[in-house]
$ cat my_file31.txt   # compact mmCIF, C-alpha atoms
# COMPACT_ATOMS: atom_id res chain seq x y z
CA MET A 991 -47.86 16.75 37.37
CA ILE A 992 -47.64 13.82 35.02
CA THR A 993 -44.33 15.11 33.71
CA GLN A 994 -42.92 15.33 37.20
CA ASN A 995 -43.99 11.77 37.93
CA ASN A 996 -42.31 10.55 34.74
CA ASN A 997 -39.06 12.30 35.61
CA THR A 998 -39.19 10.91 39.09
CA ASP A 999 -39.67 7.40 37.70
CA LEU A 1000 -36.68 7.78 35.34
CA HIS A 1001 -34.13 8.51 38.09
CA PRO A 1002 -34.01 4.94 39.42
CA LEU A 1003 -33.86 3.63 35.84
CA LYS A 1004 -30.88 5.83 34.97
CA SER A 1005 -29.11 4.76 38.14
CA THR A 1006 -29.73 1.11 37.29
CA LEU A 1007 -28.41 1.58 33.75
CA LYS A 1008 -25.25 3.27 35.03
CA ASN A 1009 -24.60 0.42 37.45
CA PHE A 1010 -25.27 -2.11 34.71
CA VAL A 1011 -22.82 -0.40 32.34
CA ARG A 1012 -20.25 -0.10 35.14
CA ILE A 1013 -20.43 -3.86 35.67
CA LEU A 1014 -20.88 -4.89 32.05
CA ILE A 1015 -17.93 -3.06 30.50
CA PRO A 1016 -15.25 -4.61 32.78
CA ALA A 1017 -16.89 -8.00 32.27
CA ILE A 1018 -16.70 -7.56 28.49
CA LEU A 1019 -13.07 -6.47 28.69
CA LEU A 1020 -12.22 -9.43 30.92
CA THR A 1021 -13.92 -11.80 28.50
CA LEU A 1022 -11.97 -10.33 25.59
CA LEU A 1023 -8.69 -10.62 27.48
CA LEU A 1024 -9.41 -14.22 28.42
CA GLY A 1025 -10.30 -14.94 24.81
CA ILE A 1026 -7.01 -13.42 23.63
CA ALA A 1027 -5.11 -15.42 26.26
CA ALA A 1028 -6.87 -18.61 25.19
CA LYS A 1029 -6.05 -17.97 21.55
CA ALA A 1030 -2.45 -17.29 22.52
CA GLN A 1031 -2.31 -20.90 23.74
CA ASP A 1032 -3.36 -22.21 20.32
CA ARG A 1033 -0.69 -22.70 17.68
CA THR A 1034 -0.67 -24.07 14.18
CA ILE A 1035 2.73 -25.53 13.42
CA THR A 1036 4.43 -26.97 10.34
CA LEU A 1037 6.68 -30.01 10.41
CA ASP A 1038 9.79 -27.93 9.64
CA GLU A 1039 8.99 -25.53 12.48
CA ALA A 1040 8.47 -28.44 14.86
CA ILE A 1041 11.82 -30.03 13.94
CA LYS A 1042 13.69 -26.72 14.39
CA LEU A 1043 12.06 -26.05 17.76
CA GLY A 1044 12.73 -29.60 18.93
CA LEU A 1045 16.40 -29.56 17.95
CA ASP A 1046 16.96 -26.12 19.52
CA ASN A 1047 15.29 -27.25 22.75
CA SER A 1048 16.78 -30.76 23.00
CA LYS A 1049 18.60 -31.50 26.24
CA VAL A 1050 20.01 -34.67 24.66
CA LEU A 1051 21.81 -32.62 22.00
CA LYS A 1052 23.21 -30.33 24.69
CA LEU A 1053 24.63 -33.43 26.40
CA SER A 1054 26.05 -34.61 23.05
CA LYS A 1055 27.74 -31.21 22.61
CA ASN A 1056 29.28 -31.64 26.06
CA LYS A 1057 30.67 -35.05 25.03
CA ILE A 1058 32.24 -33.48 21.93
CA ASP A 1059 33.87 -30.82 24.09
CA GLN A 1060 35.18 -33.57 26.35
CA ALA A 1061 36.69 -35.43 23.37
CA ILE A 1062 38.32 -32.22 22.11
CA SER A 1063 39.76 -31.65 25.58
CA GLN A 1064 41.28 -35.14 25.55
CA PHE A 1065 42.76 -34.42 22.12
CA ASN A 1066 44.34 -31.21 23.41
CA GLN A 1067 45.73 -33.14 26.39
CA ALA A 1068 47.33 -35.60 23.96
CA LYS A 1069 48.99 -32.69 22.13
CA ASP A 1070 50.22 -31.29 25.45
CA GLN A 1071 52.20 -34.48 26.01
CA ALA A 1072 54.55 -33.39 23.21
CA LEU A 1073 55.51 -30.21 25.09
CA PRO A 1074 58.68 -30.02 27.25
CA THR A 1075 58.31 -30.79 30.96
CA GLY A 1076 59.88 -28.58 33.59
CA ASN A 1077 60.48 -28.89 37.33
CA ALA A 1078 61.78 -26.59 40.02
CA SER A 1079 62.58 -27.43 43.66
CA PHE A 1080 64.34 -25.89 46.65
CA ASP A 1081 65.32 -27.95 49.70
CA TYR A 1082 66.80 -27.12 53.07
CA ASN A 1083 68.65 -29.72 55.19
CA ARG A 1084 70.22 -29.41 58.62
CA ALA A 1085 72.60 -32.06 59.94
CA GLN A 1086 73.52 -32.64 63.61
CA ILE A 1087 76.83 -34.53 64.03
CA PRO A 1088 77.36 -35.71 67.64
CA ALA A 1089 80.41 -37.83 66.72
CA ASN A 1090 82.33 -35.42 64.54
CA LYS A 1091 85.94 -36.71 64.60
CA LEU A 1092 87.60 -39.21 62.30
CA ALA A 1093 91.09 -40.62 62.96
CA PHE A 1094 93.32 -41.88 60.13
CA GLY A 1095 96.53 -42.89 61.90
CA ASP A 1096 98.25 -39.69 62.86
CA GLN A 1097 95.74 -37.59 60.97
CA ASN A 1098 92.44 -36.46 62.47
CA ILE A 1099 89.49 -34.88 60.74
CA SER A 1100 87.11 -32.82 62.79
CA LEU A 1101 83.64 -31.93 61.49
CA PRO A 1102 81.35 -29.27 62.88
CA LYS A 1103 78.69 -30.25 65.42
CA SER A 1104 76.00 -29.15 62.93
CA ALA A 1105 75.72 -28.05 59.29
CA ASN A 1106 73.17 -26.43 56.97
CA ALA A 1107 72.63 -27.14 53.28
CA TYR A 1108 70.38 -25.52 50.67
CA LEU A 1109 69.78 -27.25 47.34
CA GLY A 1110 67.84 -25.69 44.46
CA ILE A 1111 67.21 -27.49 41.14
CA VAL A 1112 65.60 -26.24 37.91
CA SER A 1113 65.28 -28.75 35.05
CA LEU A 1114 63.75 -28.84 31.53
CA ASN A 1115 63.22 -32.14 29.71
CA GLU A 1116 62.17 -32.80 26.14
CA THR A 1117 61.48 -36.19 24.50
CA ILE A 1118 63.16 -36.21 21.10
CA PHE A 1119 61.97 -39.67 20.07
CA GLY A 1120 59.53 -41.78 22.08
CA GLY A 1121 58.81 -44.57 19.63
CA ASN A 1122 56.06 -42.43 17.98
CA LYS A 1123 53.79 -43.07 20.99
CA LEU A 1124 52.82 -39.38 21.18
CA LYS A 1125 51.99 -39.39 17.48
CA TYR A 1126 49.74 -42.43 17.88
CA ALA A 1127 48.06 -40.92 20.96
CA LYS A 1128 47.12 -37.83 18.95
CA GLU A 1129 45.84 -39.95 16.05
CA SER A 1130 43.71 -42.04 18.39
CA THR A 1131 42.13 -39.05 20.17
CA THR A 1132 41.47 -37.36 16.81
CA LEU A 1133 39.53 -40.41 15.65
CA LEU A 1134 37.62 -40.64 18.94
CA THR A 1135 36.65 -36.96 18.60
CA GLU A 1136 35.14 -37.77 15.21
CA VAL A 1137 33.24 -40.67 16.80
CA ALA A 1138 31.81 -38.25 19.40
CA ARG A 1139 30.70 -35.88 16.64
CA LEU A 1140 28.96 -38.76 14.86
CA ASP A 1141 27.26 -39.68 18.15
CA ALA A 1142 25.82 -36.16 18.21
CA ASP A 1143 24.63 -36.53 14.61
CA ASN A 1144 23.01 -39.85 15.50
CA ASP A 1145 21.24 -38.24 18.48
CA LYS A 1146 20.05 -35.45 16.18
CA ASP A 1147 18.57 -37.99 13.75
CA GLN A 1148 16.79 -39.83 16.56
CA ILE A 1149 15.34 -36.63 18.02
CA THR A 1150 14.21 -35.49 14.58
CA TYR A 1151 12.47 -38.82 14.05
CA ASP A 1152 10.79 -38.65 17.48
CA ILE A 1153 9.41 -35.21 16.58
CA ILE A 1154 8.19 -36.41 13.17
CA ASN A 1155 6.58 -39.45 14.77
CA ALA A 1156 4.73 -37.35 17.37
CA TYR A 1157 3.74 -34.81 14.70
CA TYR A 1158 2.20 -37.44 12.44
CA ASN A 1159 0.48 -39.19 15.34
CA LEU A 1160 -1.14 -35.89 16.32
CA TYR A 1161 -2.13 -35.35 12.70
CA LYS A 1162 -3.74 -38.80 12.59
CA VAL A 1163 -5.76 -38.11 15.73
CA LEU A 1164 -6.89 -34.67 14.54
CA GLN A 1165 -7.93 -36.03 11.15
CA SER A 1166 -9.84 -38.85 12.81
CA LYS A 1167 -11.62 -36.30 15.03
CA LYS A 1168 -12.70 -34.40 11.91
CA VAL A 1169 -14.20 -37.55 10.46
CA VAL A 1170 -15.99 -38.18 13.76
CA GLN A 1171 -17.50 -34.70 13.67
CA GLN A 1172 -18.63 -35.16 10.07
CA ASN A 1173 -20.23 -38.48 10.89
CA LEU A 1174 -21.93 -37.09 13.99
CA ALA A 1175 -23.48 -34.35 11.85
CA SER A 1176 -24.63 -36.95 9.32
CA ILE A 1177 -26.07 -39.32 11.91
CA ASP A 1178 -27.94 -36.43 13.57
CA GLN A 1179 -29.72 -35.81 10.27
CA GLN A 1180 -30.58 -39.50 10.03
CA ILE A 1181 -31.95 -39.50 13.60
CA LYS A 1182 -34.21 -36.54 12.79
CA GLN A 1183 -35.38 -38.21 9.61
CA SER A 1184 -36.03 -41.55 11.32
CA GLN A 1185 -38.02 -39.80 14.05
CA ARG A 1186 -40.22 -38.17 11.41
CA PHE A 1187 -40.69 -41.56 9.75
CA PHE A 1188 -41.57 -43.04 13.15
CA GLU A 1189 -44.17 -40.34 13.74
CA GLN A 1190 -45.59 -41.13 10.30
CA GLY A 1191 -45.65 -44.84 11.13
CA LEU A 1192 -43.13 -45.73 8.39
CA VAL A 1193 -40.46 -47.17 10.72
CA THR A 1194 -40.43 -48.73 14.18
CA LYS A 1195 -39.00 -47.29 17.38
CA ASN A 1196 -36.24 -49.87 17.12
CA ASP A 1197 -35.06 -48.25 13.85
CA VAL A 1198 -34.69 -44.90 15.63
CA LEU A 1199 -32.80 -46.54 18.49
CA ARG A 1200 -30.36 -48.12 16.05
CA PHE A 1201 -29.33 -44.70 14.77
CA GLN A 1202 -29.06 -43.37 18.32
CA LEU A 1203 -26.88 -46.35 19.28
CA GLN A 1204 -24.67 -45.71 16.26
CA ARG A 1205 -24.27 -42.09 17.41
CA SER A 1206 -23.27 -43.23 20.91
CA ASN A 1207 -20.60 -45.53 19.45
CA ILE A 1208 -19.21 -42.67 17.37
CA GLU A 1209 -19.15 -40.42 20.44
CA LEU A 1210 -17.25 -43.10 22.39
CA ASN A 1211 -14.68 -43.24 19.62
CA GLY A 1212 -14.44 -39.43 19.80
CA ILE A 1213 -13.73 -39.60 23.55
CA ASP A 1214 -10.87 -42.07 22.96
CA LEU A 1215 -9.46 -39.84 20.24
CA GLU A 1216 -9.59 -36.75 22.46
CA THR A 1217 -7.73 -38.59 25.24
CA ASN A 1218 -5.03 -39.66 22.78
CA ARG A 1219 -4.83 -36.12 21.40
CA LYS A 1220 -4.20 -34.67 24.86
CA ILE A 1221 -1.43 -37.19 25.56
CA ILE A 1222 0.32 -36.68 22.20
CA ASN A 1223 -0.14 -32.89 22.34
CA TYR A 1224 1.44 -32.73 25.81
CA ASN A 1225 4.40 -34.92 24.81
CA LEU A 1226 4.99 -32.87 21.67
CA ASN A 1227 4.92 -29.64 23.68
CA VAL A 1228 7.62 -31.07 25.94
CA LEU A 1229 9.73 -32.10 22.93
CA LEU A 1230 9.43 -28.65 21.36
CA GLY A 1231 9.94 -26.68 24.56
CA LEU A 1232 6.49 -25.05 24.31
CA ASN A 1233 4.11 -24.18 27.11
CA GLU A 1234 2.52 -27.43 28.25
CA GLY A 1235 -0.95 -25.93 27.84
CA THR A 1236 -0.44 -25.03 24.18
CA GLN A 1237 -3.07 -26.63 21.93
CA LEU A 1238 -1.27 -27.61 18.75
CA ALA A 1239 -2.91 -27.66 15.36
CA ILE A 1240 -1.14 -29.40 12.49
CA ALA A 1241 -0.66 -27.55 9.24
CA GLN A 1242 -2.19 -29.55 6.41
CA ILE A 1243 0.18 -32.28 5.28
CA ASN A 1244 0.17 -32.54 1.51
CA GLU A 1245 2.13 -35.66 0.82
CA ALA A 1246 3.39 -35.40 -2.74
CA GLU A 1247 3.51 -38.54 -4.84
CA ARG A 1248 7.04 -39.81 -4.32
CA GLN A 1249 8.76 -42.07 -6.78
CA VAL A 1250 10.01 -45.26 -5.17
CA ALA A 1251 13.50 -46.27 -6.30
CA PRO A 1252 14.71 -49.89 -6.36
CA LEU A 1253 15.57 -51.40 -2.98
CA THR A 1254 19.27 -51.72 -3.87
CA ASN A 1255 19.52 -47.92 -4.24
CA TYR A 1256 18.37 -47.40 -0.66
CA ILE A 1257 20.68 -50.13 0.68
CA ASP A 1258 23.72 -48.67 -1.13
CA THR A 1259 22.90 -45.22 0.25
CA ALA A 1260 22.57 -46.59 3.78
CA LEU A 1261 25.90 -48.45 3.64
CA SER A 1262 27.70 -45.27 2.62
CA THR A 1263 25.77 -42.82 4.78
CA ARG A 1264 24.67 -44.49 8.03
CA ILE A 1265 26.39 -43.00 11.06
CA GLU A 1266 26.82 -46.38 12.77
CA VAL A 1267 28.85 -47.68 9.80
CA LYS A 1268 31.05 -44.58 9.76
CA GLN A 1269 31.66 -44.92 13.49
CA LEU A 1270 32.75 -48.54 13.13
CA ASP A 1271 35.14 -47.51 10.34
CA LEU A 1272 36.66 -44.96 12.72
CA ARG A 1273 36.85 -47.48 15.56
CA THR A 1274 38.66 -49.89 13.23
CA LYS A 1275 41.23 -47.16 12.57
CA VAL A 1276 41.52 -46.56 16.32
CA ALA A 1277 42.20 -50.29 16.80
CA GLU A 1278 44.87 -50.22 14.08
CA THR A 1279 46.49 -47.18 15.71
CA ASN A 1280 46.46 -49.02 19.03
CA ILE A 1281 48.41 -51.90 17.46
CA LYS A 1282 51.10 -49.44 16.29
CA ASN A 1283 51.15 -47.87 19.74
CA VAL A 1284 51.71 -51.23 21.46
CA ARG A 1285 54.45 -52.15 18.97
CA ALA A 1286 56.17 -48.85 19.80
CA ASN A 1287 56.94 -50.27 23.27
CA THR A 1288 59.87 -52.19 21.73
CA LEU A 1289 61.58 -49.03 20.45
CA PRO A 1290 64.17 -46.99 22.38
CA THR A 1291 63.45 -43.47 23.60
CA LEU A 1292 65.73 -40.46 23.30
CA GLY A 1293 65.41 -37.37 25.46
CA ALA A 1294 67.28 -34.14 26.16
CA SER A 1295 67.51 -32.32 29.46
CA VAL A 1296 68.91 -29.07 30.85
CA SER A 1297 69.34 -28.69 34.62
CA GLY A 1298 70.66 -25.92 36.86
CA TYR A 1299 71.64 -26.40 40.54
CA TYR A 1300 72.12 -24.05 43.45
CA VAL A 1301 74.07 -25.55 46.39
CA ASP A 1302 74.65 -23.41 49.49
CA VAL A 1303 76.18 -24.69 52.73
CA SER A 1304 76.01 -21.48 54.71
CA ALA A 1305 73.58 -20.87 57.56
CA ASN A 1306 72.16 -17.89 55.68
CA PRO A 1307 69.82 -18.96 52.83
CA LEU A 1308 70.58 -15.76 50.94
CA PRO A 1309 73.41 -16.21 48.40
CA LYS A 1310 76.79 -14.95 49.67
CA SER A 1311 79.93 -14.96 47.58
CA GLY A 1312 82.07 -18.02 48.20
CA SER A 1313 79.40 -19.99 50.04
CA TYR A 1314 77.52 -21.55 47.12
CA ILE A 1315 78.02 -23.21 43.73
CA THR A 1316 75.73 -23.28 40.65
CA PRO A 1317 76.53 -26.20 38.36
CA ILE A 1318 74.57 -26.40 35.05
CA THR A 1319 74.21 -29.69 33.17
CA ILE A 1320 73.10 -30.47 29.62
CA GLY A 1321 72.51 -34.06 28.67
CA LEU A 1322 71.04 -36.60 26.28
CA GLY A 1323 69.45 -39.78 27.53
CA LEU A 1324 68.90 -42.94 25.51
CA LYS A 1325 66.76 -45.65 27.04
CA TRP A 1326 65.78 -49.01 25.67
CA ASN A 1327 63.85 -51.65 27.51
CA TYR A 1328 64.97 -54.49 25.25
CA SER A 1329 63.10 -57.08 27.30
CA SER A 1330 59.98 -55.75 25.53
CA LEU A 1331 61.20 -57.62 22.45
CA TRP A 1332 59.90 -60.83 24.03
CA THR A 1333 57.36 -59.48 26.60
CA ASN A 1334 55.38 -57.27 24.20
CA LYS A 1335 54.24 -59.84 21.64
CA ASN A 1336 51.16 -60.91 23.61
CA LYS A 1337 50.09 -57.29 24.02
CA VAL A 1338 50.30 -56.89 20.25
CA ALA A 1339 48.26 -60.09 19.83
CA GLU A 1340 45.56 -58.69 22.16
CA ALA A 1341 45.45 -55.43 20.19
CA LYS A 1342 44.98 -57.42 16.97
CA ILE A 1343 42.10 -59.37 18.55
CA GLN A 1344 40.44 -56.08 19.47
CA ARG A 1345 40.79 -54.90 15.87
CA GLU A 1346 39.29 -58.15 14.59
CA GLU A 1347 36.37 -57.74 17.02
CA THR A 1348 35.70 -54.27 15.60
CA ILE A 1349 35.70 -55.63 12.05
CA ILE A 1350 33.25 -58.41 13.02
CA ASN A 1351 30.97 -55.85 14.71
CA LYS A 1352 31.01 -53.78 11.53
CA ASN A 1353 29.92 -56.77 9.44
CA ILE A 1354 27.11 -57.47 11.92
CA GLU A 1355 26.02 -53.83 11.74
CA LEU A 1356 26.04 -53.93 7.92
CA ASP A 1357 23.68 -56.92 7.98
CA ASN A 1358 21.40 -55.12 10.45
CA VAL A 1359 21.35 -52.00 8.27
CA LYS A 1360 20.36 -54.02 5.21
CA LYS A 1361 17.53 -55.72 7.11
CA GLU A 1362 16.31 -52.42 8.55
CA VAL A 1363 16.29 -50.70 5.16
CA ASN A 1364 14.47 -53.62 3.55
CA GLN A 1365 11.81 -53.64 6.29
CA ASP A 1366 11.22 -49.87 6.04
CA TYR A 1367 11.17 -50.07 2.25
CA GLN A 1368 8.54 -52.83 2.28
CA ASN A 1369 6.46 -50.95 4.87
CA TYR A 1370 6.51 -47.79 2.75
CA THR A 1371 5.51 -49.55 -0.47
CA MET A 1372 2.78 -51.38 1.45
CA ALA A 1373 1.50 -48.06 2.86
CA LEU A 1374 1.29 -46.59 -0.66
CA GLY A 1375 -0.60 -49.66 -1.82
CA LYS A 1376 -3.04 -49.32 1.09
CA ILE A 1377 -3.84 -45.73 0.12
CA LYS A 1378 -4.84 -46.79 -3.40
CA LEU A 1379 -7.01 -49.65 -2.12
CA LEU A 1380 -8.66 -47.49 0.56
CA GLN A 1381 -9.43 -44.76 -1.96
CA THR A 1382 -11.22 -47.38 -4.02
CA SER A 1383 -13.05 -48.67 -0.93
CA ILE A 1384 -14.21 -45.13 -0.08
CA ASP A 1385 -15.63 -44.71 -3.58
CA GLN A 1386 -17.42 -48.06 -3.22
CA ALA A 1387 -18.65 -47.30 0.33
CA GLY A 1388 -19.86 -43.86 -0.77
CA GLU A 1389 -21.81 -45.29 -3.68
CA ASN A 1390 -23.27 -48.01 -1.45
CA ASN A 1391 -24.27 -45.36 1.12
CA LYS A 1392 -26.08 -43.28 -1.51
CA ILE A 1393 -28.00 -46.32 -2.78
CA LEU A 1394 -29.11 -47.37 0.70
CA GLU A 1395 -29.97 -43.81 1.64
CA SER A 1396 -32.28 -43.63 -1.36
CA LYS A 1397 -33.77 -47.05 -0.56
CA TYR A 1398 -34.28 -46.11 3.08
CA LYS A 1399 -36.11 -42.93 2.10
CA SER A 1400 -38.28 -45.05 -0.17
CA ASN A 1401 -38.82 -47.50 2.71
CA ILE A 1402 -37.15 -50.30 0.71
CA ALA A 1403 -34.09 -50.78 2.95
CA SER A 1404 -34.16 -51.28 6.72
CA ALA A 1405 -32.65 -48.93 9.27
CA THR A 1406 -30.03 -51.59 10.00
CA ASP A 1407 -28.87 -51.64 6.38
CA ARG A 1408 -28.82 -47.85 6.36
CA ALA A 1409 -26.76 -47.65 9.58
CA ASP A 1410 -24.34 -50.36 8.35
CA ALA A 1411 -23.75 -48.45 5.11
CA GLU A 1412 -22.90 -45.27 6.99
CA THR A 1413 -20.63 -47.18 9.36
CA LEU A 1414 -18.71 -48.67 6.43
CA LEU A 1415 -18.24 -45.24 4.85
CA TYR A 1416 -17.21 -43.74 8.18
CA GLN A 1417 -14.64 -46.50 8.78
CA ALA A 1418 -13.25 -46.21 5.24
CA GLN A 1419 -12.77 -42.46 5.69
CA ILE A 1420 -10.90 -42.93 8.96
CA ASN A 1421 -8.76 -45.72 7.47
CA LEU A 1422 -7.77 -43.53 4.51
CA GLU A 1423 -6.66 -40.63 6.73
CA LEU A 1424 -4.68 -42.99 8.93
CA ALA A 1425 -3.13 -44.68 5.90
CA LYS A 1426 -1.99 -41.33 4.48
CA ALA A 1427 -0.34 -40.44 7.78
CA ASP A 1428 1.19 -43.92 8.05
CA ALA A 1429 2.62 -43.55 4.54
CA GLY A 1430 4.21 -40.21 5.44
CA LEU A 1431 5.69 -41.66 8.61
CA ALA A 1432 6.89 -44.76 6.73
CA TYR A 1433 8.68 -42.48 4.26
CA TYR A 1434 10.56 -40.74 7.08
CA ASN A 1435 11.35 -44.15 8.55
CA LEU A 1436 12.96 -45.06 5.25
CA LEU A 1437 14.92 -41.80 5.23
CA LYS A 1438 16.16 -42.52 8.76
CA SER A 1439 17.26 -46.06 7.96
CA THR A 1440 19.18 -44.81 4.88
CA GLY A 1441 20.91 -42.10 6.96
CA LYS A 1442 19.33 -39.23 4.98
CA LEU A 1443 16.87 -37.87 7.56
CA ASN A 1444 18.75 -34.62 8.23
CA LYS A 1445 20.61 -34.51 4.92

$ encode --input "my_file31.txt" --output "structure tokens"
Amino acid sequence: MITQNNNTDLHPLKSTLKNFVRILIPAILLTLLLGIAAKAQDRTITLDEAIKLGLDNSKVLKLSKNKIDQAISQFNQAKDQALPTGNASFDYNRAQIPANKLAFGDQNISLPKSANAYLGIVSLNETIFGGNKLKYAKESTTLLTEVARLDADNDKDQITYDIINAYYNLYKVLQSKKVVQQNLASIDQQIKQSQRFFEQGLVTKNDVLRFQLQRSNIELNGIDLETNRKIINYNLNVLLGLNEGTQLAIAQINEAERQVAPLTNYIDTALSTRIEVKQLDLRTKVAETNIKNVRANTLPTLGASVSGYYVDVSANPLPKSGSYITPITIGLGLKWNYSSLWTNKNKVAEAKIQREETIINKNIELDNVKKEVNQDYQNYTMALGKIKLLQTSIDQAGENNKILESKYKSNIASATDRADAETLLYQAQINLELAKADAGLAYYNLLKSTGKLNK
């Protein structure tokens, strides 16, 4: 009887377990799938990977490629101008002649009341000598194509720098967040310890509140950092063409100790490498070619032509023997607008002014390049100096923190002194991480200003 009762009691339990398992297993699977999906949105990325993704995804570079294609098309059009030109035409004319008689003394000429005429012309013309204007047009478009290619290189450098800048800014925020977490863990220990001291009557309630206030300030800083991280992370995702919800983690940046060369080395490199300087050199050549092209207006032109005619005066447009003629002409034509000898001089003067303007712009750009390189050089050397000083300050702040920690435990130092010591160490740690990132970014700034960012 007892056995039967036990079996009867187990049936509802088994049913409940089955239902529980039926619900639990799908829930576990769903949780695992969501976890996998969440992890799929996390990505650790290196700087090289970020640059490659950004350049492959850049819409600006696609537009630059389109401008290059446009310049190449204009160059091909300039070459087409050297090809022969051909024309073909076919005309029909009908004449009505109401007054169709002419009298010359005793002689009269009678014309028909109406007449038909068909005229077909096929011609081929070739310029033998055009004052070298076609040659100069091809030279000019070739140079402008090179300018367009350099524009694309310049855009590539700017995009690369934007990616590096965003990458380092994200690194700075993430490193600062790590320091915040470390300091929160440390301050939590101090709060627990101060509470024990308060219970033992060794410190006042105010001492405990000071530590709690310090924790609140650190948390506020953490909130600001998280907001900045979200903004930078989103912008970097857009730059790289990644899903906007991807949470990026930065691979550890190990900035090797770089030897700093003299300033003159960087300036010399920039003057020979910077894209803007190369472009102005090309534009100077374009201006010189334009002068030659304007001077070519004073030269004569020589051309050859071949033309064939079909003239039919019958009413039937189809050729019929005896009703049409087909003259063919071959000719040379020499033209010279000699008035250009005195009307072209001001055009040449204007072209020379444009060339001089290009040369002046180049000199201005050279000065700007020198100033930019010097500024980036000084910023980089200053950033390296900051790292050394901050490393020293961390050592000093760490030693000071240990001393005050020991004094506080011995009830020699106040809670205020203890909190101030931790704050100084915390700030020194953040400053060092930011200085390291600033030094890395300053180095890439220097590379950009010397024209060696993508070299």

$ residues_around --input "my_file31.txt" --residues "segment 1109-1116 of chain A" --least-positions-apart "6" --cutoff "12 Å" --atoms "all atoms listed in the file" --output "PDB file with C-alpha atoms, keeping the file's coordinate frame"
ATOM      1  CA  GLN A1071      52.200 -34.480  26.010  1.00  0.00           C
ATOM      2  CA  ALA A1072      54.550 -33.390  23.210  1.00  0.00           C
ATOM      3  CA  LEU A1073      55.510 -30.210  25.090  1.00  0.00           C
ATOM      4  CA  PRO A1074      58.680 -30.020  27.250  1.00  0.00           C
ATOM      5  CA  THR A1075      58.310 -30.790  30.960  1.00  0.00           C
ATOM      6  CA  GLY A1076      59.880 -28.580  33.590  1.00  0.00           C
ATOM      7  CA  ASN A1077      60.480 -28.890  37.330  1.00  0.00           C
ATOM      8  CA  ALA A1078      61.780 -26.590  40.020  1.00  0.00           C
ATOM      9  CA  SER A1079      62.580 -27.430  43.660  1.00  0.00           C
ATOM     10  CA  PHE A1080      64.340 -25.890  46.650  1.00  0.00           C
ATOM     11  CA  ASP A1081      65.320 -27.950  49.700  1.00  0.00           C
ATOM     12  CA  TYR A1082      66.800 -27.120  53.070  1.00  0.00           C
ATOM     13  CA  ASN A1083      68.650 -29.720  55.190  1.00  0.00           C
ATOM     14  CA  ARG A1084      70.220 -29.410  58.620  1.00  0.00           C
ATOM     15  CA  THR A1291      63.450 -43.470  23.600  1.00  0.00           C
ATOM     16  CA  LEU A1292      65.730 -40.460  23.300  1.00  0.00           C
ATOM     17  CA  GLY A1293      65.410 -37.370  25.460  1.00  0.00           C
ATOM     18  CA  ALA A1294      67.280 -34.140  26.160  1.00  0.00           C
ATOM     19  CA  SER A1295      67.510 -32.320  29.460  1.00  0.00           C
ATOM     20  CA  VAL A1296      68.910 -29.070  30.850  1.00  0.00           C
ATOM     21  CA  SER A1297      69.340 -28.690  34.620  1.00  0.00           C
ATOM     22  CA  GLY A1298      70.660 -25.920  36.860  1.00  0.00           C
ATOM     23  CA  TYR A1299      71.640 -26.400  40.540  1.00  0.00           C
ATOM     24  CA  TYR A1300      72.120 -24.050  43.450  1.00  0.00           C
ATOM     25  CA  VAL A1301      74.070 -25.550  46.390  1.00  0.00           C
ATOM     26  CA  ASP A1302      74.650 -23.410  49.490  1.00  0.00           C
ATOM     27  CA  VAL A1303      76.180 -24.690  52.730  1.00  0.00           C
ATOM     28  CA  SER A1304      76.010 -21.480  54.710  1.00  0.00           C
ATOM     29  CA  PRO A1307      69.820 -18.960  52.830  1.00  0.00           C
ATOM     30  CA  PRO A1309      73.410 -16.210  48.400  1.00  0.00           C
ATOM     31  CA  TYR A1314      77.520 -21.550  47.120  1.00  0.00           C
ATOM     32  CA  ILE A1315      78.020 -23.210  43.730  1.00  0.00           C
ATOM     33  CA  THR A1316      75.730 -23.280  40.650  1.00  0.00           C
ATOM     34  CA  PRO A1317      76.530 -26.200  38.360  1.00  0.00           C
ATOM     35  CA  ILE A1318      74.570 -26.400  35.050  1.00  0.00           C
ATOM     36  CA  THR A1319      74.210 -29.690  33.170  1.00  0.00           C
ATOM     37  CA  ILE A1320      73.100 -30.470  29.620  1.00  0.00           C
ATOM     38  CA  GLY A1321      72.510 -34.060  28.670  1.00  0.00           C
ATOM     39  CA  LEU A1322      71.040 -36.600  26.280  1.00  0.00           C
ATOM     40  CA  GLY A1323      69.450 -39.780  27.530  1.00  0.00           C
TER      41      GLY A1323
END

$ atom_distance --input "my_file31.txt" --atom1 "atom CA of Ala1105 of chain A" --atom2 "atom CA of Ala1085 of chain A"
5.1 Å

$ residues_around --input "my_file31.txt" --residues "Leu1431 of chain A" --least-positions-apart "6" --cutoff "8 Å" --atoms "only C-alpha atoms" --output "ChimeraX atom specification"
/A:1154-1155,1158

$ closest_residue --input "my_file31.txt" --among "A:Asn1144, A:Asn1066, A:Thr1288, A:Gln1185" --to "Leu1199 of chain A" --atoms "only C-alpha atoms"
A:Gln1185

$ residues_around --input "my_file31.txt" --residues "segment 1045-1062 of chain A" --least-positions-apart "5" --cutoff "12 Å" --atoms "only C-alpha atoms" --output "PyMOL selection string"
chain A and resi 1038-1040+1067-1069+1128+1130-1154+1226-1232+1444

$ axis_aligned_box --input "my_file31.txt" --around "segment 1192-1198 of chain A" --padding-each-side "8 Å" --output "lines of an AutoDock Vina configuration file"
center_x = -38.9
center_y = -47.4
center_z = 12.9
size_x = 24.4
size_y = 21.0
size_z = 25.0
